[in-house]
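Accompanying notes for the structure given below.
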Amino acid sequence: MLWGFPFMSLPRTLGDLRRSSFSESCLRSRHVKDELRDNLMARLRQDGDDPVFPGIVGYDDSVVPQIINAILSRHNFILLGLRGQAKSRILRALTSLLDPQMPYVAGCEIHDNPYAPICKRCREEIARLGDSTPIAYLTPDERYVEKLATPDVTIADLIGDIDPIKAARGGHELSSEMTVHYGLLPRANRGIFAINELPDLAGKIQVGLFNIMQEGDVQIKGYPIRLPLDVALVFSANPEDYTARGKIITPLKDRIGSEIRTHYPATIEEGIAITAQEAWTKRNGHPLELPGYVQEVIERVAFAAREDKKIDKRSGVSQRLPISAMENVISNAERRAIRNGEQLVVPRISDVYAALPAITGKLELEYEGEMKGADHVGRELIRAAIAKTYDEYFTGANVQQIVQWFDLGGEIQLSDSVSAVEALQNLKGIQGLVDKLGPLGVTQKDSPEQQVSAAEFILEGLHAHKRIGRSEERVFKAGEKKPDAVREKSFDPEERQYRQRRQFN
Ligand SMILES: [Zn+2]
């Protein structure tokens, strides 16, 4: 990069700046959007197949190319998507396209360009001090300003305020920027300003925003103020709010160059990758062995919730649901390990049920769901997720022997707090169970913790398919229906709805 200075050797005066690679010809007309574009082009050239935005998973073929195009076009843009679709994260990742150091006139509240200051203070300062005018620097993070829009955001918050009395006392003209107390947007000058949930901004404020974008002029308390800011404006919104009539003033909408739709992960694998990246799993405690089927069940809870009619489609089901659930699942397994003096933490399916408090709060229920209650809906989702995950591993497997053991009156209690050694001893009493763990990658040579988790998954899978029963106290026992009546259901997608409605509930 052009300006990869070590911090200590950065030019400290305007004169030194002129003679450095931050020369007037390089910097004077380099607006933020040019900077983003230049650095993006450099990254595209260098990195080949490496991700442009590291840590943004599942958007490589959809969202990321559109963002790249928006930046290359020097657009202000908006991300439209439901909650928990990494919108804020993407906007923050834009700072990785800013220069490592940006010089500005030291002491300027709006970080004026030393070669083209817009505030009166800096113009006067440079006229007075000339080449000895002090220069300071901002890092990319310091050039990112974020605001959650709410209906009570005012022009004063966002753009600024003037104090007419102070102005009169100081002898300034009212329209002079000396009297302006700057709001968030001017303070983001020469940086990125992100407004989340744009439609919640009052119409009057949208007009002010538009005027700044369009003309560099704005009225504060009726006085015209000239503020030709240099800001890359980016927004996020819920798509339905954004497209609803009258929520966004048309001239502002016209000035937003690109509308980019985000989405939830398209595949379970992508969902697992995001959850693995975001959830707090590397803890200062016992070693953790996180089974793949537990990850899949957690992720499928979110997928099932996004499809479920009992859950509000407009607000969506955030990726924070599997992330929080994962953290709770591990905590429940940790608690069990600590209580039982076990060294290895291996989550079980019963830990997913124990994670309901991390799930229910993230579901916006429709009327039907409200009637049943969040807890009930959450349990149904977990059960559906278990059934589907079970099928991934055990379709066509012969588990008749296990089912028969229960049909002949066998019962086993498997609470989520029971120690692995004790549980394994009991599970070994079920003929044909512990030697069926192969598809899960678990053998009898593995630790008791792993074997118990895997064996419990099979029992939970059979229960999710209603082939065996299970009480509130987590006693597995014979199912209520004749097993064969349930088994005949195929995997035909047309049958799936029937299965989800009838069989899993
Ligand atoms: Zn200034």
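Following the order of the structure tokens, chains are lettered A, B, ..., residues in each are numbered from 1, and ligands are numbered from 1.
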For His286 in chain A: contacts at 12 Å, only C-alpha atoms, fewer than 2 positions along chain excluded, given as a ChimeraX atom specification:
/A:281-284,288-289,330-331,333-338,341-346
Please check which protein, DNA or RNA residues sit within 8 Å of ligand 1, counting only C-alpha atoms and all ligand atoms, and write them as a PyMOL selection string.
chain A and resi 105+107-113+117-123
Could those selected residues go to a file with N, CA and C atoms, as a PDB file, in the first residue's frame?
ATOM      1  N   VAL A 105      -5.983  17.763   9.880  1.00  0.00           N
ATOM      2  CA  VAL A 105      -5.505  18.933  10.612  1.00  0.00           C
ATOM      3  C   VAL A 105      -5.709  18.663  12.108  1.00  0.00           C
ATOM      4  N   GLY A 107      -6.520  18.548  15.808  1.00  0.00           N
ATOM      5  CA  GLY A 107      -7.460  19.317  16.609  1.00  0.00           C
ATOM      6  C   GLY A 107      -8.791  19.579  15.932  1.00  0.00           C
ATOM      7  N   CYS A 108      -8.920  19.220  14.663  1.00  0.00           N
ATOM      8  CA  CYS A 108     -10.174  19.494  13.954  1.00  0.00           C
ATOM      9  C   CYS A 108     -11.229  18.456  14.318  1.00  0.00           C
ATOM     10  N   GLU A 109     -12.399  18.941  14.733  1.00  0.00           N
ATOM     11  CA  GLU A 109     -13.468  18.027  15.147  1.00  0.00           C
ATOM     12  C   GLU A 109     -13.993  17.197  13.984  1.00  0.00           C
ATOM     13  N   ILE A 110     -13.854  17.737  12.773  1.00  0.00           N
ATOM     14  CA  ILE A 110     -14.390  17.004  11.621  1.00  0.00           C
ATOM     15  C   ILE A 110     -13.268  16.493  10.713  1.00  0.00           C
ATOM     16  N   HIS A 111     -12.072  16.393  11.295  1.00  0.00           N
ATOM     17  CA  HIS A 111     -10.947  15.721  10.636  1.00  0.00           C
ATOM     18  C   HIS A 111     -10.663  16.258   9.242  1.00  0.00           C
ATOM     19  N   ASP A 112     -10.518  17.556   9.157  1.00  0.00           N
ATOM     20  CA  ASP A 112     -10.338  18.195   7.856  1.00  0.00           C
ATOM     21  C   ASP A 112      -9.118  17.703   7.097  1.00  0.00           C
ATOM     22  N   ASN A 113      -9.302  17.637   5.780  1.00  0.00           N
ATOM     23  CA  ASN A 113      -8.204  17.374   4.861  1.00  0.00           C
ATOM     24  C   ASN A 113      -7.227  18.562   4.928  1.00  0.00           C
ATOM     25  N   PRO A 117      -9.349  22.144   3.737  1.00  0.00           N
ATOM     26  CA  PRO A 117     -10.172  22.189   4.952  1.00  0.00           C
ATOM     27  C   PRO A 117     -11.521  22.836   4.672  1.00  0.00           C
ATOM     28  N   ILE A 118     -12.564  22.286   5.267  1.00  0.00           N
ATOM     29  CA  ILE A 118     -13.886  22.890   5.067  1.00  0.00           C
ATOM     30  C   ILE A 118     -14.302  23.727   6.269  1.00  0.00           C
ATOM     31  N   CYS A 119     -13.641  23.569   7.416  1.00  0.00           N
ATOM     32  CA  CYS A 119     -14.095  24.365   8.559  1.00  0.00           C
ATOM     33  C   CYS A 119     -13.256  25.626   8.691  1.00  0.00           C
ATOM     34  N   LYS A 120     -13.908  26.638   9.205  1.00  0.00           N
ATOM     35  CA  LYS A 120     -13.303  27.958   9.286  1.00  0.00           C
ATOM     36  C   LYS A 120     -12.073  27.940  10.204  1.00  0.00           C
ATOM     37  N   ARG A 121     -12.206  27.184  11.302  1.00  0.00           N
ATOM     38  CA  ARG A 121     -11.108  27.086  12.251  1.00  0.00           C
ATOM     39  C   ARG A 121      -9.822  26.633  11.564  1.00  0.00           C
ATOM     40  N   CYS A 122      -9.938  25.598  10.722  1.00  0.00           N
ATOM     41  CA  CYS A 122      -8.742  25.054  10.081  1.00  0.00           C
ATOM     42  C   CYS A 122      -8.212  25.995   9.006  1.00  0.00           C
ATOM     43  N   ARG A 123      -9.120  26.619   8.289  1.00  0.00           N
ATOM     44  CA  ARG A 123      -8.652  27.566   7.258  1.00  0.00           C
ATOM     45  C   ARG A 123      -7.852  28.686   7.918  1.00  0.00           C
TER      46      ARG A 123
END
Taking only range 381-413 of chain A into account, list the residues labelled alpha helix (DSSP H) by DSSP (computed from the backbone), as a list in words.
Leu381, Ile382, Arg383, Ala384, Ala385, Ile386, Ala387, Lys388, Thr389, Tyr390, Asp391, Glu392, Tyr393, Phe394, Gln400, Gln401, Ile402, Val403, Gln404, Trp405, Phe406 and Asp407 of chain A
Hey, could you make a per-residue contact list for range 61-113 of chain A against range 225-233 of chain A with 8 Å as the cut-off, showing the nearest pair of atoms and its distance in Å to one decimal, counting only C-alpha atoms, sorted by chain and number, as a Markdown table?
| residue | atom | partner | partner_atom | distance |
| --- | --- | --- | --- | --- |
| A:His75 | CA | A:Ala232 | CA | 8.0 |
| A:Asn76 | CA | A:Leu233 | CA | 5.1 |
| A:Phe77 | CA | A:Leu233 | CA | 7.0 |
Go ahead and write the residues just picked, C-alpha atoms, as a compact mmCIF listing (two decimals), in the first residue's frame.
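To be explicit, this is the file written out as again-v9.txt:
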# COMPACT_ATOMS: atom_id res chain seq x y z
CA HIS A 75 -22.08 4.21 -4.36
CA ASN A 76 -23.74 4.85 -1.05
CA PHE A 77 -25.49 1.55 -0.47
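Proximity to Phe476 in chain A at 7 Å, evaluated using only C-alpha atoms and with sequence-adjacent residues fewer than 2 positions away removed, yields Glu411, Ile412, Gln413, Gly469, Arg470, Ser471 and Arg474 of chain A.
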Would you put the residues from that selection into a file with N, CA and C atoms, as a CSV table (one decimal), in the first residue's frame?
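Written file, again-v8.csv:
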chain,number,residue,atom,x,y,z
A,411,GLU,N,-36.8,-50.0,29.9
A,411,GLU,CA,-36.9,-48.5,30.2
A,411,GLU,C,-35.5,-48.0,30.7
A,412,ILE,N,-35.2,-46.8,30.3
A,412,ILE,CA,-33.9,-46.3,30.8
A,412,ILE,C,-34.0,-44.8,31.0
A,413,GLN,N,-33.6,-44.4,32.2
A,413,GLN,CA,-33.6,-42.9,32.4
A,413,GLN,C,-32.2,-42.3,32.1
A,469,GLY,N,-40.8,-44.1,23.1
A,469,GLY,CA,-41.4,-43.0,23.8
A,469,GLY,C,-40.3,-42.4,24.8
A,470,ARG,N,-40.7,-41.2,25.3
A,470,ARG,CA,-39.8,-40.6,26.3
A,470,ARG,C,-40.7,-39.7,27.2
A,471,SER,N,-40.5,-39.9,28.5
A,471,SER,CA,-41.3,-39.1,29.5
A,471,SER,C,-40.6,-37.8,29.8
A,474,ARG,N,-37.3,-37.8,31.3
A,474,ARG,CA,-36.3,-38.3,30.4
A,474,ARG,C,-36.1,-39.8,30.6
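Closest approach to Tyr115 in chain A among A:Ser23, A:Ser9, A:Gln66, A:Thr95 is made by A:Ser23 (distances from only C-alpha atoms).
Between CA of Ile205 in chain A and CA of Arg187 in chain A lies a distance of 16.7 Å.
The residue that comes closest to Gly410 in chain A, out of A:Gly479, A:Glu380, A:Ala423, A:Glu460 and on the basis of only C-alpha atoms, is A:Gly479.
Of note, CA of Tyr223 in chain A and CA of Gln206 in chain A are spaced 17.6 Å apart.
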Neighbour list for Ile249 in chain A as a count of residues only, cut-off 8 Å, only C-alpha atoms, skip fewer than 3 positions in-chain
6
Between CA of Tyr144 in chain A and CA of Leu94 in chain A, what is the distance, to one decimal in Å?
8.8 Å
Members of range 5-191 of chain A assigned strand (DSSP E) by DSSP, as an NGL selection string:
:A and (77-80 or 102-105 or 135-138 or 144-148 or 160-162 or 180-182 or 191)
Nearest to Ala156 in chain A, restricted to only C-alpha atoms and choosing among A:Gln46, A:Gln219, A:Ser419, A:Ser29, comes out as A:Gln219
